[in-house]
Every structure is written in structure tokens, then in C-alpha cells.
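The next block holds one structure in the form of C-alpha cells; read it before the comments.
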There are 4 protein chains.
Amino acid sequence: MTHAREMFASSPAPIPGVDTALLADTALAAFDCAQTCTACANACLGEPRLPDLVRCIRLNTLCADLCDTTGRLISRQENPELARAILQACVLVCRLCAEECERHTHMEHCRVCAAACGECEQACERVLSALPRS
Amino acid sequence: MTHAREMFASSPAPIPGVDTALLADTALAAFDCAQTCTACANACLGEPRLPDLVRCIRLNTLCADLCDTTGRLISRQENPELARAILQACVLVCRLCAEECERHTHMEHCRVCAAACGECEQACERVLSALPRS
Amino acid sequence: MTHAREMFASSPAPIPGVDTALLADTALAAFDCAQTCTACANACLGEPRLPDLVRCIRLNTLCADLCDTTGRLISRQENPELARAILQACVLVCRLCAEECERHTHMEHCRVCAAACGECEQACERVLSALPRS
Amino acid sequence: MTHAREMFASSPAPIPGVDTALLADTALAAFDCAQTCTACANACLGEPRLPDLVRCIRLNTLCADLCDTTGRLISRQENPELARAILQACVLVCRLCAEECERHTHMEHCRVCAAACGECEQACERVLSALPRS
């Protein structure tokens, strides 16, 4: 359904020493999280108890921007030090956003968003573990 | 594997009158195309016949940016006129990028990228057909 | 203070036949509008009468994304037809966002944001008028 | 010419304890760097000695994406720990991109781009110094 694995398999490894299937899956998880967080912010804006959701909307928006950038960056060749810095920022925002969404899991969109953030966080952690020491 | 369909199903319809599963699949196709074009530009930069690929890299980059924005925009509630304008721009850039990549299908990354652009173009066309007349 | 005019002056014209200083100023207006809309959405989320500002936040966010993409696209060489499509979408979202912000000009952030949207809209209109007919 | 200082002055401080004029100037420096790097990558693609510029184009593109995200993120209220992570990544990519562009200052676009990257790096460093300890 998506072309990420084929693309990574047909290209030189973006980050030398890191498995290309892992990078492909992480790029997908990052774009999936960006889409989910964008939609969650939009759904929160339509909720009757909107004032309780301000922090959720803020974190959704930050998480969407940072995951999008992460998905783009790991689709390109770059040095491990830079990959590490962006992946660490991405892990942090995914964790903050997942924690906030988990406080609102009576709303389906927050429940799904917490799951997407958790999967993106784990994928980024796996790449971080695989990065060569600089 | 992705959460787009669940998210769209749990939210008010971003564009009234348009099927939410279609919107979810189009958001996915747009982010998939953004990832693929980003990776194709990166792969082209590593090819020995780089000077032949300048137009491809330019179109990959434009297509990646516009598909990313399209994926974000259709994940939010908005008016049909604005959706129409961005989807039309997205269809155009996908067509131009697919045509250019098809001239280089002896390279696997361009072959895959042409496919991803074609799928995104078709998904956007389906949403355009479904938009209510303003 | 910014480097846009110097950059455009030192590069081949991104859109043949269009004055590079005009393109530089439009790229700046687009990024300025993206920043202003991002900050306006953030400020709206902190207002006591938040439920009245939902449409403003939605339009701020759409406008920020589209202006950002417009600023990037006109910084690159491309065909006039594609430039036309994205500039038309940008004009539309700037107009919608300015109209909404003008309903809330008792809040300084909405007053400033309406001005930034209006300037970006006018800059995009000037480039549209200068585009060669395809 | 831009509205960033007015916007930051009319909004609650995005990062408590950090001067809003400094944040406004840093957001501007980040968007200026994003624009400059985007234009530099585009100009490099038109140079006769293109194969010598591959690393420059890659770093321009990474720097454009990360600066754009940084400009957006510091326009919003967020926690200092997250601001620190993204600013550190931004400082790193600006330094790498400036170093590479400085190797090509016989081309005006690389000379201007090195300057824009250096100014963005310094602005981000100033915000990092001003961040409250978490």
C-alpha cells in the first residue's frame, strides 16, 4: 500500500549501518503520526469541552510538525549526529503528546492518536539504538 | 498499519459530503507520495548521471512539499473551494513528476516514484469528483 | 535583515519573466504570513472566549501551512502553470483567514494577522499578474 | 516589514522566561534561513560543477526543513525541554550547512547562504542560553 520499503531498498542507505527496512518503517510511522496528530487537533477543536483540550491541541500540533520533519529527514542521506538530534526531539514530543492523549481516551480520536504517537516513539527509539556511535 | 481510517471514522467529516474512507486513503496516498519523492530526490543525487536528473530532482522536491501540505490540509475541516484549489495543484505536480520519473524507469527509485505519484494523482482526482459544487 | 533579495539576485530566475525582487518579496510575505498565522492560532488557544475562535484557529492553521509551502515553492525554479495553481490556492486561504481575523480585531493578534494575510494575498496577486501565459 | 515582533508582543510568551523580542527575531532568522537554503539548493542544481555540490544540496535541504520547523515551533507555547531539543538540532544543521557553503563562497548564493545559516545558528544559541533549566 505504501512505497517506503521499495524506495529504501532501491536507494543507498540514508544512514550507513542502519537497516533500510527499519528506516522505511520509521518514516512511515512518523508520517502516520503526523497525519493522526493533525486530525486529532482538528477533532478536538469540534469537541464541546474544548477548554479542557487546549494542551492536547498544542501538543498535537507540535507533534505533527516534528514527526513530519522526522519522516522527511530520515528519507535522506545524512550524518548520524544530526539523525540522533532530530530523533531525540521526536521521541520527546511523541511521549508528551501520547501522555496528554491518554488522559482523554474516552474520545476515540485521542485513543487512536495516543497509539500512533506510541508507535512512532518506539520506531524512533529503535533507530536511535541502531545509530553508529559518532 | 496506519491510523488514518480510524481517525477519519472517529471525527466529524473534514469535507462535508465526501466519504471519510476516501479522504483517509487520499491523505495516506499524499504522505506516501511525499515520502517517495523525498527519497527519490535523495537517490537521484547519488546517481552517476546526475546532470540528466536535475529536472527530476526539482519536480521530486516540489511534489514532496505539495503532497505533504495536501495530506495535512485534507486531514482538517475546511471549505470545499479551498480543498479544490489545493487538490488541483497537487494533481498537476503529481502528473508532472510522474511524467519525468517515467523517463528514468531503468532506475528502480524513479519507477517506484512514478507509481506513487500516479496513485496520489488518482486519489486526489477522486476527491475532486466527490466535492460538492460551491 | 533577511537574505531573500540577495539570494534571488544571485540565482537564475525561478520563474522566467517574473522580476526576481518581486519573487523575493513574495517569498518573504509568505513566510511572514506563515509565522503570523502560527502565532495567532497559538494566541487564540489562550483566549477566554475560545469557542468563538474555532474557525479562526482552523483558518490560521490552513493558512500557515499553505503560505509556508508557497514560500518554498516560489524559491525554486518551476513551470508557470504550477506556480499559478499554488498561488491561487494561497490567495484564497489568505483572503478567508484575513476575513475571519478582521471579525476579531479587538484582539491585537488577530488585527496583526489580518494585516499579514492581506499583504501576502496582495504579493501573490502581483506574481499571478506577472506570470507568463502558458 | 515583518509582523513577528508585533505578534510575539501581543501574545502570551511562548516560552516562559524568554524575552519575546528574542523569540520573534529567532523565528525570523529561522524562516529566513529556510528560504535561503531552499534557494541555494535550487541554485546549486543549475551550476555547471553540479557533482561537487551534492553534499551542499543535501545539507541545504535538511537545513531548510529543520529551520522551517524550528520557526514554527518557537511561535507556539511549549515546554522548555522540547524547545531545547529542537533548537539543538537546528544549531547542528545550521553549523554543518554553513561549513559546507563556506567551501563554495566563489558562488554568491553559497556565500549568502553561509551567512544566513550563521545568523540562525547564533539566534538559536541565544535562545538556548535563555531557556530556564528544567
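Ligands are numbered from 1 in the order shown, residues from 1 within each chain, and chains are lettered A, B, ... in the order they appear in the C-alpha cells.
For Glu81 in chain C, the set of protein, DNA and RNA residues having any atom at most 9 Å away, when counting only C-alpha atoms and skipping those fewer than 3 positions along the same chain, is Leu92 of chain B; Glu78, Arg84, Ala85, Ile86, Leu131, Arg133 and Ser134 of chain C.
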message: Please check the contacts: residues of chain C at most 8 Å away from chain A, using only C-alpha atoms, listed as number ranges by chain.
response: C: 42, 45-46, 50-51, 54, 58
message: If you run DSSP on the backbone here, which positions in range 44-96 of chain D get helix (DSSP H, G or I)? Please write them as a VMD selection string.
response: chain D and resid 44 50 to 73 80 to 96
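Across D:Val112, D:Leu23, D:Val91, D:Cys44, the tightest approach to Gly71 in chain D is made by D:Leu23 when counting only C-alpha atoms.
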message: Measuring between only C-alpha atoms, which one of D:Cys37, D:His109, D:Leu28, D:Pro132 shows the shortest distance to Leu82 in chain D?
response: D:Pro132
